[in-house]
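A.B. asks: Contents of structure_5.txt (compact mmCIF, N, CA and C atoms):
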# COMPACT_ATOMS: atom_id res chain seq x y z
N MET A 1 66.11 125.18 118.20
CA MET A 1 66.45 125.19 116.79
C MET A 1 66.64 126.64 116.33
N LYS A 2 67.64 126.84 115.52
CA LYS A 2 67.92 128.18 115.02
C LYS A 2 66.98 128.54 113.88
N VAL A 3 66.72 129.82 113.75
CA VAL A 3 65.90 130.32 112.65
C VAL A 3 66.81 130.53 111.45
N ASN A 4 66.42 130.01 110.32
CA ASN A 4 67.21 130.20 109.11
C ASN A 4 67.10 131.64 108.63
N THR A 5 68.25 132.25 108.44
CA THR A 5 68.33 133.61 107.93
C THR A 5 68.55 133.54 106.43
N PRO A 6 67.89 134.37 105.64
CA PRO A 6 68.16 134.36 104.20
C PRO A 6 69.65 134.61 103.93
N TYR A 7 70.18 133.86 103.00
CA TYR A 7 71.60 133.97 102.68
C TYR A 7 71.81 133.81 101.18
N THR A 8 73.02 134.16 100.76
CA THR A 8 73.44 133.95 99.38
C THR A 8 74.58 132.95 99.40
N LEU A 9 74.49 131.94 98.58
CA LEU A 9 75.59 131.00 98.37
C LEU A 9 76.27 131.47 97.10
N ARG A 10 77.54 131.84 97.21
CA ARG A 10 78.24 132.37 96.04
C ARG A 10 79.69 131.90 96.04
N GLU A 11 80.37 132.16 94.94
CA GLU A 11 81.77 131.78 94.81
C GLU A 11 82.64 132.61 95.75
N LEU A 12 83.61 131.97 96.36
CA LEU A 12 84.57 132.64 97.22
C LEU A 12 85.52 133.47 96.35
N VAL A 13 85.75 134.71 96.75
CA VAL A 13 86.66 135.61 96.03
C VAL A 13 87.71 136.14 97.01
N ARG A 14 88.77 136.72 96.47
CA ARG A 14 89.86 137.21 97.31
C ARG A 14 89.40 138.18 98.39
N ALA A 15 88.41 139.00 98.10
CA ALA A 15 87.91 139.96 99.09
C ALA A 15 87.31 139.27 100.31
N ASP A 16 87.04 137.96 100.22
CA ASP A 16 86.47 137.20 101.34
C ASP A 16 87.51 136.63 102.28
N TYR A 17 88.78 136.71 101.93
CA TYR A 17 89.81 136.01 102.71
C TYR A 17 89.77 136.33 104.21
N ALA A 18 89.69 137.59 104.58
CA ALA A 18 89.69 137.95 106.01
C ALA A 18 88.50 137.29 106.73
N ASP A 19 87.33 137.29 106.09
CA ASP A 19 86.15 136.68 106.69
C ASP A 19 86.28 135.16 106.75
N VAL A 20 86.91 134.57 105.74
CA VAL A 20 87.15 133.12 105.75
C VAL A 20 88.01 132.76 106.95
N TRP A 21 89.07 133.55 107.19
CA TRP A 21 89.92 133.28 108.35
C TRP A 21 89.13 133.45 109.65
N ASP A 22 88.24 134.42 109.72
CA ASP A 22 87.41 134.59 110.92
C ASP A 22 86.59 133.34 111.20
N VAL A 23 85.99 132.79 110.15
CA VAL A 23 85.21 131.56 110.31
C VAL A 23 86.13 130.41 110.72
N ARG A 24 87.24 130.27 110.01
CA ARG A 24 88.14 129.12 110.26
C ARG A 24 88.66 129.11 111.69
N TYR A 25 89.01 130.27 112.23
CA TYR A 25 89.55 130.33 113.58
C TYR A 25 88.47 130.31 114.65
N ALA A 26 87.22 130.49 114.28
CA ALA A 26 86.12 130.47 115.25
C ALA A 26 85.62 129.06 115.55
N VAL A 27 85.87 128.10 114.65
CA VAL A 27 85.34 126.76 114.86
C VAL A 27 86.00 126.11 116.07
N THR A 28 85.28 125.19 116.69
CA THR A 28 85.79 124.54 117.91
C THR A 28 86.25 123.11 117.67
N GLU A 29 86.00 122.56 116.49
CA GLU A 29 86.51 121.24 116.11
C GLU A 29 87.41 121.41 114.90
N ASN A 30 88.33 120.48 114.74
CA ASN A 30 89.26 120.56 113.61
C ASN A 30 89.88 121.96 113.54
N THR A 31 90.35 122.42 114.68
CA THR A 31 90.90 123.77 114.78
C THR A 31 92.21 123.88 113.99
N LEU A 32 92.55 125.10 113.69
CA LEU A 32 93.76 125.39 112.92
C LEU A 32 94.57 126.46 113.64
N ARG A 33 95.84 126.20 113.76
CA ARG A 33 96.76 127.16 114.37
C ARG A 33 97.01 128.30 113.38
N PRO A 34 96.82 129.56 113.79
CA PRO A 34 97.09 130.68 112.88
C PRO A 34 98.51 130.61 112.32
N GLY A 35 98.62 130.88 111.03
CA GLY A 35 99.91 130.87 110.36
C GLY A 35 100.27 129.56 109.69
N ARG A 36 99.51 128.49 109.98
CA ARG A 36 99.82 127.19 109.35
C ARG A 36 99.54 127.22 107.85
N ILE A 37 98.45 127.88 107.47
CA ILE A 37 98.17 128.14 106.06
C ILE A 37 97.88 129.63 105.93
N ASP A 38 97.97 130.15 104.71
CA ASP A 38 97.86 131.59 104.55
C ASP A 38 97.05 131.95 103.30
N ASP A 39 97.01 133.25 103.01
CA ASP A 39 96.24 133.73 101.86
C ASP A 39 96.71 133.10 100.55
N GLU A 40 97.99 132.84 100.42
CA GLU A 40 98.49 132.22 99.19
C GLU A 40 97.94 130.80 99.05
N ASP A 41 97.82 130.07 100.15
CA ASP A 41 97.21 128.74 100.11
C ASP A 41 95.75 128.84 99.66
N LEU A 42 95.02 129.82 100.21
CA LEU A 42 93.63 130.03 99.79
C LEU A 42 93.56 130.35 98.30
N ARG A 43 94.43 131.25 97.85
CA ARG A 43 94.42 131.63 96.44
C ARG A 43 94.69 130.42 95.55
N ARG A 44 95.70 129.65 95.88
CA ARG A 44 96.04 128.48 95.09
C ARG A 44 94.87 127.48 95.03
N GLU A 45 94.26 127.22 96.19
CA GLU A 45 93.19 126.22 96.26
C GLU A 45 91.92 126.69 95.55
N THR A 46 91.67 127.99 95.50
CA THR A 46 90.43 128.48 94.89
C THR A 46 90.62 128.97 93.45
N GLU A 47 91.86 129.24 93.05
CA GLU A 47 92.09 129.76 91.70
C GLU A 47 92.89 128.81 90.81
N ASP A 48 93.87 128.11 91.37
CA ASP A 48 94.73 127.25 90.54
C ASP A 48 94.24 125.81 90.48
N THR A 49 93.85 125.25 91.63
CA THR A 49 93.52 123.83 91.67
C THR A 49 92.08 123.53 92.02
N GLY A 50 91.30 124.54 92.35
CA GLY A 50 89.94 124.25 92.77
C GLY A 50 89.03 125.44 92.75
N LYS A 51 88.04 125.36 93.63
CA LYS A 51 87.02 126.40 93.69
C LYS A 51 86.49 126.46 95.11
N GLY A 52 86.00 127.65 95.49
CA GLY A 52 85.43 127.81 96.82
C GLY A 52 84.09 128.52 96.77
N TRP A 53 83.32 128.35 97.84
CA TRP A 53 82.01 128.95 97.99
C TRP A 53 81.87 129.52 99.39
N VAL A 54 81.02 130.51 99.54
CA VAL A 54 80.75 131.08 100.86
C VAL A 54 79.25 131.21 101.07
N ILE A 55 78.87 131.22 102.35
CA ILE A 55 77.53 131.59 102.78
C ILE A 55 77.63 133.06 103.18
N ASP A 56 76.95 133.91 102.45
CA ASP A 56 77.01 135.36 102.64
C ASP A 56 75.66 135.83 103.17
N ILE A 57 75.69 136.42 104.36
CA ILE A 57 74.48 136.97 104.96
C ILE A 57 74.68 138.48 105.08
N ASP A 58 74.17 139.19 104.11
CA ASP A 58 74.30 140.66 104.10
C ASP A 58 75.75 141.11 104.29
N GLY A 59 76.68 140.44 103.59
CA GLY A 59 78.08 140.82 103.64
C GLY A 59 78.89 140.16 104.74
N ARG A 60 78.26 139.37 105.57
CA ARG A 60 78.95 138.63 106.62
C ARG A 60 79.06 137.17 106.20
N ILE A 61 80.25 136.61 106.24
CA ILE A 61 80.47 135.23 105.84
C ILE A 61 80.27 134.33 107.06
N ASP A 62 79.35 133.36 106.95
CA ASP A 62 79.09 132.42 108.04
C ASP A 62 79.56 131.02 107.73
N GLY A 63 80.08 130.78 106.54
CA GLY A 63 80.60 129.46 106.22
C GLY A 63 81.30 129.49 104.88
N PHE A 64 82.17 128.49 104.67
CA PHE A 64 82.85 128.39 103.39
C PHE A 64 83.24 126.95 103.12
N ALA A 65 83.43 126.65 101.85
CA ALA A 65 83.89 125.33 101.42
C ALA A 65 84.84 125.52 100.25
N ILE A 66 85.82 124.62 100.17
CA ILE A 66 86.79 124.67 99.08
C ILE A 66 87.07 123.23 98.64
N GLY A 67 86.97 122.99 97.33
CA GLY A 67 87.26 121.69 96.76
C GLY A 67 88.44 121.77 95.81
N ASN A 68 89.25 120.72 95.78
CA ASN A 68 90.43 120.65 94.92
C ASN A 68 90.14 119.72 93.74
N ALA A 69 90.15 120.28 92.52
CA ALA A 69 89.80 119.53 91.31
C ALA A 69 90.93 118.62 90.84
N VAL A 70 92.13 118.81 91.36
CA VAL A 70 93.26 117.97 90.95
C VAL A 70 93.27 116.68 91.76
N SER A 71 93.10 116.81 93.07
CA SER A 71 93.20 115.64 93.96
C SER A 71 91.86 115.05 94.36
N GLY A 72 90.77 115.80 94.17
CA GLY A 72 89.47 115.35 94.64
C GLY A 72 89.27 115.57 96.12
N ASN A 73 90.11 116.38 96.74
CA ASN A 73 90.08 116.63 98.17
C ASN A 73 89.10 117.74 98.53
N VAL A 74 88.29 117.48 99.55
CA VAL A 74 87.51 118.55 100.17
C VAL A 74 88.51 119.25 101.09
N TRP A 75 89.04 120.35 100.60
CA TRP A 75 90.10 121.05 101.31
C TRP A 75 89.57 121.75 102.55
N ALA A 76 88.32 122.18 102.50
CA ALA A 76 87.71 122.85 103.65
C ALA A 76 86.20 122.87 103.51
N LEU A 77 85.53 122.74 104.65
CA LEU A 77 84.10 123.01 104.76
C LEU A 77 83.86 123.35 106.22
N PHE A 78 83.65 124.63 106.49
CA PHE A 78 83.49 125.11 107.86
C PHE A 78 82.35 126.10 107.96
N VAL A 79 81.62 126.01 109.07
CA VAL A 79 80.54 126.94 109.36
C VAL A 79 80.83 127.58 110.72
N HIS A 80 80.71 128.89 110.76
CA HIS A 80 80.92 129.62 112.02
C HIS A 80 79.94 129.08 113.06
N PRO A 81 80.34 128.97 114.33
CA PRO A 81 79.43 128.46 115.36
C PRO A 81 78.08 129.17 115.40
N ARG A 82 78.03 130.46 115.10
CA ARG A 82 76.74 131.18 115.12
C ARG A 82 75.80 130.70 114.02
N GLY A 83 76.34 130.04 112.98
CA GLY A 83 75.52 129.58 111.87
C GLY A 83 75.27 128.08 111.85
N GLN A 84 75.80 127.37 112.83
CA GLN A 84 75.59 125.93 112.85
C GLN A 84 74.13 125.62 113.15
N GLY A 85 73.61 124.61 112.48
CA GLY A 85 72.22 124.23 112.64
C GLY A 85 71.27 124.98 111.72
N CYS A 86 71.80 125.80 110.83
CA CYS A 86 70.97 126.58 109.91
C CYS A 86 70.94 126.02 108.49
N GLY A 87 71.61 124.91 108.25
CA GLY A 87 71.62 124.31 106.92
C GLY A 87 72.73 124.80 106.02
N TYR A 88 73.62 125.65 106.54
CA TYR A 88 74.69 126.19 105.71
C TYR A 88 75.68 125.11 105.27
N GLY A 89 76.00 124.19 106.16
CA GLY A 89 76.91 123.10 105.80
C GLY A 89 76.35 122.26 104.68
N ASP A 90 75.05 121.96 104.75
CA ASP A 90 74.40 121.19 103.67
C ASP A 90 74.48 121.93 102.35
N ALA A 91 74.19 123.22 102.38
CA ALA A 91 74.20 124.02 101.15
C ALA A 91 75.61 124.04 100.53
N LEU A 92 76.61 124.25 101.37
CA LEU A 92 77.99 124.27 100.87
C LEU A 92 78.40 122.90 100.35
N HIS A 93 78.05 121.85 101.07
CA HIS A 93 78.38 120.48 100.65
C HIS A 93 77.75 120.17 99.29
N GLN A 94 76.48 120.50 99.13
CA GLN A 94 75.80 120.23 97.86
C GLN A 94 76.41 121.01 96.71
N ALA A 95 76.73 122.28 96.93
CA ALA A 95 77.36 123.08 95.87
C ALA A 95 78.69 122.47 95.46
N MET A 96 79.47 122.03 96.44
CA MET A 96 80.77 121.46 96.14
C MET A 96 80.62 120.13 95.40
N LEU A 97 79.71 119.28 95.83
CA LEU A 97 79.52 117.99 95.14
C LEU A 97 79.03 118.21 93.71
N HIS A 98 78.14 119.18 93.53
CA HIS A 98 77.66 119.49 92.18
C HIS A 98 78.83 119.91 91.28
N TRP A 99 79.71 120.74 91.79
CA TRP A 99 80.88 121.17 91.04
C TRP A 99 81.84 120.01 90.80
N PHE A 100 82.10 119.20 91.84
CA PHE A 100 82.99 118.04 91.67
C PHE A 100 82.47 117.13 90.56
N ALA A 101 81.15 117.02 90.43
CA ALA A 101 80.56 116.15 89.41
C ALA A 101 80.92 116.60 88.00
N THR A 102 81.37 117.83 87.84
CA THR A 102 81.79 118.33 86.52
C THR A 102 83.29 118.14 86.29
N GLN A 103 83.98 117.60 87.28
CA GLN A 103 85.44 117.42 87.20
C GLN A 103 85.78 115.96 86.89
N PRO A 104 86.88 115.73 86.18
CA PRO A 104 87.28 114.36 85.81
C PRO A 104 88.00 113.63 86.94
N ILE A 105 87.29 113.43 88.04
CA ILE A 105 87.85 112.78 89.23
C ILE A 105 86.95 111.60 89.57
N GLU A 106 87.55 110.45 89.85
CA GLU A 106 86.76 109.26 90.18
C GLU A 106 86.33 109.22 91.64
N ARG A 107 87.26 109.56 92.56
CA ARG A 107 86.98 109.47 93.99
C ARG A 107 87.28 110.80 94.67
N LEU A 108 86.44 111.11 95.63
CA LEU A 108 86.63 112.31 96.45
C LEU A 108 87.09 111.86 97.84
N TRP A 109 87.84 112.71 98.50
CA TRP A 109 88.30 112.35 99.84
C TRP A 109 88.43 113.58 100.73
N LEU A 110 88.45 113.32 102.02
CA LEU A 110 88.66 114.35 103.03
C LEU A 110 89.18 113.69 104.28
N SER A 111 89.69 114.50 105.17
CA SER A 111 90.07 114.00 106.49
C SER A 111 89.40 114.87 107.53
N THR A 112 89.08 114.26 108.65
CA THR A 112 88.46 114.98 109.76
C THR A 112 88.78 114.25 111.05
N GLY A 113 88.57 114.92 112.16
CA GLY A 113 88.83 114.31 113.46
C GLY A 113 88.00 113.07 113.67
N LYS A 114 88.58 112.11 114.41
CA LYS A 114 87.91 110.83 114.64
C LYS A 114 86.63 110.98 115.45
N GLN A 115 86.60 111.87 116.40
CA GLN A 115 85.46 112.03 117.30
C GLN A 115 84.86 113.43 117.16
N THR A 116 84.40 113.76 115.95
CA THR A 116 83.87 115.10 115.72
C THR A 116 82.46 115.05 115.14
N LYS A 117 81.75 116.16 115.28
CA LYS A 117 80.45 116.29 114.64
C LYS A 117 80.61 116.27 113.12
N ALA A 118 81.74 116.80 112.64
CA ALA A 118 81.99 116.82 111.20
C ALA A 118 82.00 115.41 110.63
N ARG A 119 82.60 114.48 111.34
CA ARG A 119 82.64 113.10 110.85
C ARG A 119 81.22 112.58 110.66
N GLY A 120 80.36 112.79 111.63
CA GLY A 120 78.97 112.36 111.51
C GLY A 120 78.25 113.05 110.37
N PHE A 121 78.52 114.35 110.21
CA PHE A 121 77.93 115.11 109.10
C PHE A 121 78.24 114.42 107.78
N TYR A 122 79.50 114.11 107.54
CA TYR A 122 79.90 113.50 106.27
C TYR A 122 79.37 112.08 106.13
N GLU A 123 79.45 111.29 107.19
CA GLU A 123 78.98 109.91 107.10
C GLU A 123 77.48 109.85 106.80
N ARG A 124 76.70 110.77 107.36
CA ARG A 124 75.26 110.81 107.07
C ARG A 124 74.99 111.19 105.62
N ARG A 125 75.97 111.73 104.94
CA ARG A 125 75.83 112.14 103.54
C ARG A 125 76.56 111.21 102.58
N GLY A 126 76.88 110.01 103.04
CA GLY A 126 77.40 108.98 102.16
C GLY A 126 78.91 108.81 102.10
N TRP A 127 79.65 109.58 102.89
CA TRP A 127 81.10 109.41 102.94
C TRP A 127 81.41 108.18 103.79
N VAL A 128 82.44 107.43 103.39
CA VAL A 128 82.79 106.17 104.06
C VAL A 128 84.22 106.24 104.56
N GLU A 129 84.42 105.81 105.80
CA GLU A 129 85.77 105.76 106.36
C GLU A 129 86.59 104.69 105.65
N VAL A 130 87.80 105.07 105.24
CA VAL A 130 88.70 104.11 104.59
C VAL A 130 89.97 103.86 105.41
N GLY A 131 90.12 104.56 106.53
CA GLY A 131 91.27 104.33 107.39
C GLY A 131 91.67 105.57 108.16
N ASP A 132 92.70 105.39 108.96
CA ASP A 132 93.23 106.52 109.73
C ASP A 132 93.96 107.48 108.82
N TYR A 133 94.01 108.72 109.24
CA TYR A 133 94.76 109.77 108.55
C TYR A 133 95.56 110.46 109.64
N GLY A 134 96.76 110.00 109.84
CA GLY A 134 97.55 110.47 110.98
C GLY A 134 97.04 109.84 112.26
N GLU A 135 97.40 110.45 113.37
CA GLU A 135 97.04 109.87 114.67
C GLU A 135 95.65 110.25 115.15
N THR A 136 95.15 111.40 114.74
CA THR A 136 93.90 111.90 115.32
C THR A 136 92.76 112.04 114.32
N GLU A 137 93.01 111.73 113.05
CA GLU A 137 91.98 111.92 112.03
C GLU A 137 91.69 110.62 111.28
N VAL A 138 90.57 110.64 110.57
CA VAL A 138 90.20 109.55 109.67
C VAL A 138 90.10 110.10 108.26
N ARG A 139 90.30 109.21 107.30
CA ARG A 139 90.10 109.57 105.89
C ARG A 139 88.77 109.00 105.47
N LEU A 140 87.95 109.86 104.85
CA LEU A 140 86.66 109.47 104.32
C LEU A 140 86.69 109.65 102.82
N GLU A 141 86.00 108.76 102.11
CA GLU A 141 85.95 108.85 100.65
C GLU A 141 84.54 108.59 100.15
N ARG A 142 84.33 108.97 98.89
CA ARG A 142 83.08 108.65 98.20
C ARG A 142 83.35 108.70 96.72
N VAL A 143 82.53 108.00 95.96
CA VAL A 143 82.63 108.04 94.51
C VAL A 143 82.14 109.40 94.04
N ASN A 144 82.83 109.97 93.08
CA ASN A 144 82.38 111.23 92.49
C ASN A 144 81.31 110.90 91.47
N ARG A 145 80.08 111.30 91.74
CA ARG A 145 78.96 110.99 90.84
C ARG A 145 78.91 111.98 89.71
N ARG A 146 79.60 111.62 88.62
CA ARG A 146 79.71 112.51 87.46
C ARG A 146 78.59 112.24 86.48
As structure tokens, how would this structure be written, given the file I've shared?
C.D. replies:
Amino acid sequence: MKVNTPYTLRELVRADYADVWDVRYAVTENTLRPGRIDDEDLRRETEDTGKGWVIDIDGRIDGFAIGNAVSGNVWALFVHPRGQGCGYGDALHQAMLHWFATQPIERLWLSTGKQTKARGFYERRGWVEVGDYGETEVRLERVNRR
């Protein structure tokens, strides 16, 4: 079991973008090809349509989450492999759900790989599979508890 390191959970800001990409490209499940999304996508999702949070450990980002207030989509929730098992995913998930509860959205949704640890993470926290999402992913939903 990993030792929990003191961290700060705070809002994601533009200065975090490079570190967010480091986390995103370091994950081994639900991987992303570089160049598929970019800084403008991050800006739009965190400033125009939603909000983001990071796990900050003395200036090093070990995880991030982004929620979309227009669609109710969990656009991202990723923890760097070095921080997995430390509770960072739970902290980010709770912060995002708390924020979603202040938004006028009835249902929240996300997609994740069919055979991933992420799927189990979400299902253990009350997300329910509602069907396939493309060929390799499932769509999970939950009621937004406002």
A.B. asks: Among chain A, which ones does DSSP assign to strand (DSSP E) (computed from the backbone)? Answer as a PyMOL selection string.
C.D. replies: chain A and resi 8-11+50-57+60-68+74-79+107-113+128-133+137-143
A.B. asks: Once you count only N, CA and C atoms, what closest atom pair and distance in Å to one decimal does each residue of segment 22-124 of chain A within 6 Å of segment 129-139 of chain A have, with rows by chain and rising residue number, as CSV?
C.D. replies:
residue,atom,partner,partner_atom,distance
A:Leu110,C,A:Arg139,CA,4.5
A:Ser111,CA,A:Val138,C,4.3
A:Thr112,C,A:Val138,N,4.1
A:Gly113,CA,A:Glu137,CA,4.2
A:Lys114,N,A:Glu137,CA,4.2
A.B. asks: Write the residues you've just listed into a file as a JSON list (two decimals), keeping the file's coordinate frame, and include N, CA and C atoms for each of them.
C.D. replies:
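Just written: selection_34.json:
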[["chain", "number", "residue", "atom", "x", "y", "z"],
["A", 110, "LEU", "N", 88.45, 113.32, 102.02],
["A", 110, "LEU", "CA", 88.66, 114.35, 103.03],
["A", 110, "LEU", "C", 89.18, 113.69, 104.28],
["A", 111, "SER", "N", 89.69, 114.50, 105.17],
["A", 111, "SER", "CA", 90.07, 114.00, 106.49],
["A", 111, "SER", "C", 89.40, 114.87, 107.53],
["A", 112, "THR", "N", 89.08, 114.26, 108.65],
["A", 112, "THR", "CA", 88.46, 114.98, 109.76],
["A", 112, "THR", "C", 88.78, 114.25, 111.05],
["A", 113, "GLY", "N", 88.57, 114.92, 112.16],
["A", 113, "GLY", "CA", 88.83, 114.31, 113.46],
["A", 113, "GLY", "C", 88.00, 113.07, 113.67],
["A", 114, "LYS", "N", 88.58, 112.11, 114.41],
["A", 114, "LYS", "CA", 87.91, 110.83, 114.64],
["A", 114, "LYS", "C", 86.63, 110.98, 115.45]]
A.B. asks: Could you tell me how far atom CA of Phe64 of chain A lies from atom CA of Glu106 of chain A, in Å and to one decimal?
C.D. replies: 23.6 Å
A.B. asks: Go through A:Ala118, A:Leu92, A:Cys86, A:Arg125 one by one, measure the shortest atom-to-atom distance of each to Trp53 of chain A using all atoms listed in the file, and give the residue with the smallest value.
C.D. replies: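 Once distances to Trp53 of chain A are computed over all atoms listed in the file, the minimum belongs to A:Leu92.
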A.B. asks: Go through A:Asp41, A:Asp90, A:Asp16, A:Glu11 and flag the residue nearest Val54 of chain A, using all atoms listed in the file for the distances.
C.D. replies: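 Of A:Asp41, A:Asp90, A:Asp16, A:Glu11, the one nearest Val54 of chain A, counting all atoms listed in the file, is A:Glu11.
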A.B. asks: Taking the chain letters and numbering used in this document, name the residues of segment 47-102 of chain A that DSSP puts in helix (DSSP H, G or I), as a PDB file with N, CA and C atoms, in the frame of the given file.
C.D. replies:
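Everything below was put into selection02.pdb:
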ATOM      1  N   GLU A  47      91.860 129.240  93.050  1.00  0.00           N
ATOM      2  CA  GLU A  47      92.090 129.760  91.700  1.00  0.00           C
ATOM      3  C   GLU A  47      92.890 128.810  90.810  1.00  0.00           C
ATOM      4  N   ASP A  48      93.870 128.110  91.370  1.00  0.00           N
ATOM      5  CA  ASP A  48      94.730 127.250  90.540  1.00  0.00           C
ATOM      6  C   ASP A  48      94.240 125.810  90.480  1.00  0.00           C
ATOM      7  N   PRO A  81      80.340 128.970 114.330  1.00  0.00           N
ATOM      8  CA  PRO A  81      79.430 128.460 115.360  1.00  0.00           C
ATOM      9  C   PRO A  81      78.080 129.170 115.400  1.00  0.00           C
ATOM     10  N   ARG A  82      78.030 130.460 115.100  1.00  0.00           N
ATOM     11  CA  ARG A  82      76.740 131.180 115.120  1.00  0.00           C
ATOM     12  C   ARG A  82      75.800 130.700 114.020  1.00  0.00           C
ATOM     13  N   GLY A  83      76.340 130.040 112.980  1.00  0.00           N
ATOM     14  CA  GLY A  83      75.520 129.580 111.870  1.00  0.00           C
ATOM     15  C   GLY A  83      75.270 128.080 111.850  1.00  0.00           C
ATOM     16  N   TYR A  88      73.620 125.650 106.540  1.00  0.00           N
ATOM     17  CA  TYR A  88      74.690 126.190 105.710  1.00  0.00           C
ATOM     18  C   TYR A  88      75.680 125.110 105.270  1.00  0.00           C
ATOM     19  N   GLY A  89      76.000 124.190 106.160  1.00  0.00           N
ATOM     20  CA  GLY A  89      76.910 123.100 105.800  1.00  0.00           C
ATOM     21  C   GLY A  89      76.350 122.260 104.680  1.00  0.00           C
ATOM     22  N   ASP A  90      75.050 121.960 104.750  1.00  0.00           N
ATOM     23  CA  ASP A  90      74.400 121.190 103.670  1.00  0.00           C
ATOM     24  C   ASP A  90      74.480 121.930 102.350  1.00  0.00           C
ATOM     25  N   ALA A  91      74.190 123.220 102.380  1.00  0.00           N
ATOM     26  CA  ALA A  91      74.200 124.020 101.150  1.00  0.00           C
ATOM     27  C   ALA A  91      75.610 124.040 100.530  1.00  0.00           C
ATOM     28  N   LEU A  92      76.610 124.250 101.370  1.00  0.00           N
ATOM     29  CA  LEU A  92      77.990 124.270 100.870  1.00  0.00           C
ATOM     30  C   LEU A  92      78.400 122.900 100.350  1.00  0.00           C
ATOM     31  N   HIS A  93      78.050 121.850 101.070  1.00  0.00           N
ATOM     32  CA  HIS A  93      78.380 120.480 100.650  1.00  0.00           C
ATOM     33  C   HIS A  93      77.750 120.170  99.290  1.00  0.00           C
ATOM     34  N   GLN A  94      76.480 120.500  99.130  1.00  0.00           N
ATOM     35  CA  GLN A  94      75.800 120.230  97.860  1.00  0.00           C
ATOM     36  C   GLN A  94      76.410 121.010  96.710  1.00  0.00           C
ATOM     37  N   ALA A  95      76.730 122.280  96.930  1.00  0.00           N
ATOM     38  CA  ALA A  95      77.360 123.080  95.870  1.00  0.00           C
ATOM     39  C   ALA A  95      78.690 122.470  95.460  1.00  0.00           C
ATOM     40  N   MET A  96      79.470 122.030  96.440  1.00  0.00           N
ATOM     41  CA  MET A  96      80.770 121.460  96.140  1.00  0.00           C
ATOM     42  C   MET A  96      80.620 120.130  95.400  1.00  0.00           C
ATOM     43  N   LEU A  97      79.710 119.280  95.830  1.00  0.00           N
ATOM     44  CA  LEU A  97      79.520 117.990  95.140  1.00  0.00           C
ATOM     45  C   LEU A  97      79.030 118.210  93.710  1.00  0.00           C
ATOM     46  N   HIS A  98      78.140 119.180  93.530  1.00  0.00           N
ATOM     47  CA  HIS A  98      77.660 119.490  92.180  1.00  0.00           C
ATOM     48  C   HIS A  98      78.830 119.910  91.280  1.00  0.00           C
ATOM     49  N   TRP A  99      79.710 120.740  91.790  1.00  0.00           N
ATOM     50  CA  TRP A  99      80.880 121.170  91.040  1.00  0.00           C
ATOM     51  C   TRP A  99      81.840 120.010  90.800  1.00  0.00           C
ATOM     52  N   PHE A 100      82.100 119.200  91.840  1.00  0.00           N
ATOM     53  CA  PHE A 100      82.990 118.040  91.670  1.00  0.00           C
ATOM     54  C   PHE A 100      82.470 117.130  90.560  1.00  0.00           C
TER      55      PHE A 100
END
A.B. asks: What would the file be for segment 35-47 of chain A if you keep N, CA and C atoms and write it as a short mmCIF file (atom, residue, chain, number, x, y, z; two decimals), in the first residue's frame?
C.D. replies:
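Result file part-v7.cif:
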data_model
loop_
_atom_site.label_atom_id
_atom_site.label_comp_id
_atom_site.auth_asym_id
_atom_site.auth_seq_id
_atom_site.Cartn_x
_atom_site.Cartn_y
_atom_site.Cartn_z
N GLY A 35 -1.95 14.92 -29.56
CA GLY A 35 -2.48 15.73 -30.66
C GLY A 35 -3.96 15.56 -30.90
N ARG A 36 -4.59 14.54 -30.30
CA ARG A 36 -6.03 14.35 -30.51
C ARG A 36 -6.85 15.47 -29.88
N ILE A 37 -6.42 15.91 -28.70
CA ILE A 37 -6.99 17.10 -28.08
C ILE A 37 -5.83 18.00 -27.69
N ASP A 38 -6.13 19.28 -27.47
CA ASP A 38 -5.04 20.23 -27.25
C ASP A 38 -5.38 21.24 -26.15
N ASP A 39 -4.50 22.21 -25.98
CA ASP A 39 -4.69 23.22 -24.94
C ASP A 39 -6.01 23.98 -25.11
N GLU A 40 -6.42 24.21 -26.34
CA GLU A 40 -7.68 24.92 -26.56
C GLU A 40 -8.86 24.08 -26.07
N ASP A 41 -8.80 22.77 -26.24
CA ASP A 41 -9.84 21.90 -25.70
C ASP A 41 -9.87 21.98 -24.18
N LEU A 42 -8.69 21.96 -23.55
CA LEU A 42 -8.63 22.11 -22.09
C LEU A 42 -9.22 23.44 -21.65
N ARG A 43 -8.83 24.51 -22.34
CA ARG A 43 -9.34 25.83 -21.99
C ARG A 43 -10.86 25.88 -22.09
N ARG A 44 -11.39 25.40 -23.19
CA ARG A 44 -12.84 25.40 -23.39
C ARG A 44 -13.56 24.61 -22.29
N GLU A 45 -13.04 23.41 -21.99
CA GLU A 45 -13.70 22.55 -21.01
C GLU A 45 -13.60 23.09 -19.58
N THR A 46 -12.56 23.83 -19.27
CA THR A 46 -12.39 24.33 -17.90
C THR A 46 -12.83 25.77 -17.72
N GLU A 47 -12.98 26.52 -18.81
CA GLU A 47 -13.36 27.93 -18.69
C GLU A 47 -14.72 28.25 -19.30
#
